[in-house]
Structures are given as C-alpha cells and as structure tokens.
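Accompanying notes for the structure given below.
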Amino acid sequence: MTHRKGKEGAFLFLAPALLILAGITLYPLLHVFRLSLHRRLLIFDISRFVGPENYLYLLGDTRFRNALGNTIYFTVLSVLLELLFGLAIALLLNRHFRGKGLMRTIILIPWAIPTVVSARMWEWLYNPDFGLLNHLLGFRINWLGSPFLALNAAVAMDVWKTTPFVALLLTAGLQTIPRDLYGAARIDGAGPWTLFRKITLPLLMPVILVVLLFRTLDAFRVFDAVYVLTGGGPANSTETLSIYAYKILFQTLQFGYGSAISVMVFLCVGLFTLLFIPLLRRRKV
Amino acid sequence: MKRLVFAALLMLVSLYCLGPFLWQGLTSLKTAADLTRLPPLLPHPPTLEHYRSIFAGHPLLRIIANSFIVATASTVLALSIGSLAAFALAKLPVPGKGAVLLLVLSTSMFPPIATVSPLYLLIRAAGLRDSPVSLILTYTSFTLPLTLWVLTHFFRNIPDELYRAARIDGCTPWQSFTRIMLPLAAPGIFATAILVFIFSWNEFLFALTFTSTTASRTIPVGIALFPGLHEIPWGEIAAASVVVTLPLLFLVFFFQRRIIEGLTAGAVKG
C-alpha cells in the first residue's frame, strides 16, 4: 500500500462506511421525499407527479391527526415515566452493595428481550380472562379493548421495556459526580433532599438531557411495541404515526401518501432534535 | 431497618424486571387446561408439550437459523467497516472530521419508517426480497452510526504515540491499524459487537417488510405472526418466546459489564 504524505490514506479507511451510509440511509431519505410528491399505487403500477397534493391531503386527514395525537401522548407519557423510574432505580443502585453486578444483569433483561416478544408477553398479561394482571388485581378489565386503556397499556409496556436503559445511563452519569462534594455539603448541614436538588440533579443534567433526547426520538417512532400489542386498535386508538404510515404503505400499497406520512415523522424528529441541540450545548459549557 | 428497606426495594425492582418474563416461562410449561384457568398460578403438572410442538410443527428452527445468519453477518460487516472508519476518525488527519462524525450521528436519528418505503422498492427491484442479504445490508447501515460513535471513542482512548511509533518503525497505516490499534481496541469492538448483534436479532419493521415467506422470516416476525388455527396459541408463543430469548439472556448474563460499557460510552462521556 502506497501512503500519501499527510493524508495517510484516511479516505480509504472511511470509504466503505460512507458508501453504505450513503446508499442505504441517505439515498432512501432523499428518495422518500421524491416519492411523497407522487401518486404511486403499487398494485396498478401507477406513478404520477402530483406536487404537494399528498401534503395538502394530510392537513384534512383526521386519521393522521389522531395518529399524531396518539404518538405525542405515547411519547410524552412514556419518556416522563421512564425518566422518573429510571432516576429512582439509578439512585437506588448508586452505592456499594453485594450482588450489584447481578442486580445490573437483572435490570438489563427487559432491555435485551426483543420488543416483539415483550409485546406478546404483555398481551398475555393483559388478557381479560386468563391474564395475570386481572387475577392479581381481582378485576375483569379488558385492558386492550378500551381505547383509553389500550394506549396507556402500551405506555406501561414501553416503560417496562426501556426504563432499564434509562436507569443504566443515569447510573453511569451518577458515577461521574465526585463523592467528596456530598461529604463537604453534609458537613455544611445539607439534608438528603438538598443534596439531591443542589448537587445530584444539576450535575446529572447533561446526562438526563442526552437520555431525554435519545428516548424521545425512539418513542416518537414507536412501531413494533404497539403494532404487535394492539395492531393500532381498538378503533385506531393506539395507532401511532409509524403504524399509520406502515399500513398505508404496505396494506393499501399507496406509496406516495404513505411516504408523505413517513416524511412527517422524519420532520417531527428532525425539528425536535434541532430545538433540543442548543439545550445540550448550553449545558456543556 | 435501613438495610431491610433497601433489600426490599431491590427485590421489588427485580420482580418488576423479571416478573413478565418469569410468567411467560411458567405459561410455557402449563397444560392446555391450565392455560385457561387461574388459579393455579404454577403449572401442575408442568409439561414440555409446547416446546415439543414448536419444534415439530413449526419452522421455528429455520427461523432461528435465519436470525443467526442475519445477526452474525450484520455484526461482522458493521464491525469491520465501522472499525476502519472509526480508526480513521480517531487517529488520522481527516478534513472536516467533526462534520463527518456529526453527519453519521444524525443519520442514527432517522426513523426507520422514513426509509422503509424507498428501501423496499430498491430491494424489490434488485430481486433481494426474502434474501438475508437485504436485511444484512440494512442492519449494517442502521448500526453503523452507533458502531462508529462507540468505536471512535474507544480508539481515541489509545495514546496517539503508539500509532506514531508504529509509523516511524515502518508500518504502513494499514499495518499499524491491523497489528497495533485493532488488538488494543478489542474490548471496545467486542462491546459494540454485542450491541449490534442484539439490535439485529430484535429488529422488526424491516424484517417484516422485506420478507414474505415463512422460510425467510426472522425471529421477531415469526413471533409476531405466530400462526394459530382458531385462537391464539399462548402456550406455544410462550415456549417460542423463551427459546428465542435464551441467547440474549446468555449474552446479558456473561457480558453485562461490556454491554453497559458500550451503551454508556457514547452517551455519558461524549
């Protein structure tokens, strides 16, 4: 291998990665924008440029608005609960005790279980007749049968599945806080609540914000958790944007309109990220 | 007293994390009659009937093999391509290094649903539907941002002097990469490999879209579309869930430390 002075052939090392990313991530993203400006029906082999027609239709589409509302509700509630539970678990684990490694293994298990498997596990727990949940509570509630309960049941499943990830990141964040800070504050007479509010929370904030960003982006594009648990029902009450887009794309084969919905998911996620980055930056300085 | 409360809280957290899966395990051992009545909570007598039937009556082995092939190939591909690029980003002079890393990171934020329709058309046109190649390429691309991010972090922690010393001793950049840097980054590469493997093992949306035949399905699709004649076969689904989750439990049990290292490498110190 000849080596070019100064460059060290860096481009050759980077080329495969950039090529794959360009071909399988960036190109499809550009292509989906183009598709969204077409009327494209896969079964009839129809493909016609229609400009912004799909987007104009989105404005009046009540099913789209419903899906957007469900997605926002799901995202806000699940991320909020995950942060609260995750923080509680992280604080609990942030000390020396025997069996800490085992505890971390146990916490990792919900994270490692495939989302689809989790969804089917919870579907069984929620079963109105033979489910463990009704048995323990002594109710006979049809958890996945009522529009209000179903969406919250999906949130509960997602919280179970992803709280561990949050807890582990926050635990790692807690470990970066110097111990002597607490000692010094305690000498000055600070109680546990003051310690938490004045030391733990501000110093943990950068990690909390990163976790908040990761989880929000992830929850907003939720697909498998809800799709397998409820299929979007009952009466579209748990249909999220990704599920709606998927159904339009692959069940009705309207690739133009489905792509327009997909683009909206992308734009929402992108917008949120752009709004969020300054917050991350400010914290870092 | 304080220790008792602490122990009780740990028990509570463990029960919350393990409970649903343990219930699935118990369900998998119940007879058909026990499945439709509560109590008893425990299977009595326990039966392996559901395990027998998922291996005899379903193409489960084939589906597990598919997942193994796809997840292993994706991991190898993502790690080879990713470590090359991460090495360059960490140790070589690359113009606009920060911009490249930012661009790569931003692609990890793309929602899968946004790229699934064009990728589907692309794969259909290339005749790669139902072929593991389509999933392997997609997973490689989708895990590259994570791979690059974590590995760049690991390569950066290797002192620059080692690379310079290797170059002065006459190694080409390629030789210093394979002989010096790669072995030193091995722990990081291993940690990342586990994450990529688990992602590929669990991915659902693309697997559902790119496969149409039972024989080409991967595990998540197989579990989601588990066939039932009249009603949902809860016992068999539970047995299949346990079987496909075992390799993951194995990974978590033995490599907990590495996994957490990989998960937190980018997020906390980045």
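Chains: A, B, ... in order of the structure tokens. Residues: from 1 per chain. Ligands: from 1, in order shown.
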
Subject >> Polymer residues at most 12 Å from A:Thr200, only C-alpha atoms, same-chain spacing of 2 or more positions, as a PyMOL selection string >> reply: chain A and resi 87+90-91+94+170-171+173-179+181-182+185+192-198+202-208

Subject >> Residue hits in chain B, query chain A, radius 7 Å, only C-alpha atoms, as number ranges by chain >> reply: B: 14, 17, 20, 24, 36-38, 81-82, 84-85, 88, 92-94, 109-111, 113-115, 117-119, 138, 141, 173, 202, 204-205, 220, 223-224, 241, 245, 248-249, 252-253, 256, 264, 267-268

**OP:** Name all residues at most 7 Å from stretch 47-64 of chain A (count only C-alpha atoms; drop same-chain ones fewer than 4 positions away) and give them as an MDAnalysis selection string.
**Re:** chainID A and resid 36:41 68 257 260

Subject >> atom CA of B:Phe190 to atom CA of B:Ser80, straight-line distance in Å >> reply: 11.7 Å

Original post:
Which parts of stretch 43-214 of chain B does DSSP call helix (DSSP H, G or I) when run on the backbone here, written out as a ChimeraX atom specification?
Top reply: /B:49-57,60-91,97-107,112-125,132-156,160-168,173-184,186-202,205-210,214

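Pairwise distance (atom CA of B:Ser74, atom CA of B:Tyr139) equals 6.0 Å.
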
Subject >> Who sits within 12 Å of B:Leu102, only C-alpha atoms, same chain under 6 positions skipped, as a PyMOL selection string >> reply: (chain A and resi 277) or (chain B and resi 89+96+108-109+145-146+148-149+270)

Please dump the current selection as a compact mmCIF listing (two decimals), in the first residue's frame; keep N, CA and C atoms.
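Okay, this is what ended up in again-v3.txt:
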```txt
# COMPACT_ATOMS: atom_id res chain seq x y z
N ILE A 277 -30.83 20.62 20.47
CA ILE A 277 -29.36 20.74 20.48
C ILE A 277 -28.84 21.96 21.25
N LEU B 89 -11.19 8.22 11.90
CA LEU B 89 -11.73 9.41 12.55
C LEU B 89 -10.99 9.73 13.85
N GLY B 96 -12.48 18.04 8.05
CA GLY B 96 -13.89 18.11 8.45
C GLY B 96 -14.32 16.93 9.29
N SER B 108 -28.33 8.39 12.66
CA SER B 108 -28.86 7.43 13.61
C SER B 108 -30.21 7.90 14.14
N MET B 109 -30.53 9.16 13.91
CA MET B 109 -31.81 9.68 14.38
C MET B 109 -32.92 9.49 13.36
N PRO B 145 -23.87 4.04 12.63
CA PRO B 145 -23.69 5.24 13.47
C PRO B 145 -23.28 4.88 14.90
N LEU B 146 -24.01 3.94 15.50
CA LEU B 146 -23.68 3.52 16.86
C LEU B 146 -22.27 2.95 16.91
N LEU B 148 -19.71 3.43 14.88
CA LEU B 148 -18.71 4.48 14.68
C LEU B 148 -18.55 5.32 15.93
N TRP B 149 -19.67 5.68 16.51
CA TRP B 149 -19.66 6.56 17.67
C TRP B 149 -18.91 5.91 18.83
N GLY B 270 -19.42 11.39 25.92
CA GLY B 270 -19.42 12.13 24.66
C GLY B 270 -19.68 13.60 24.90
```
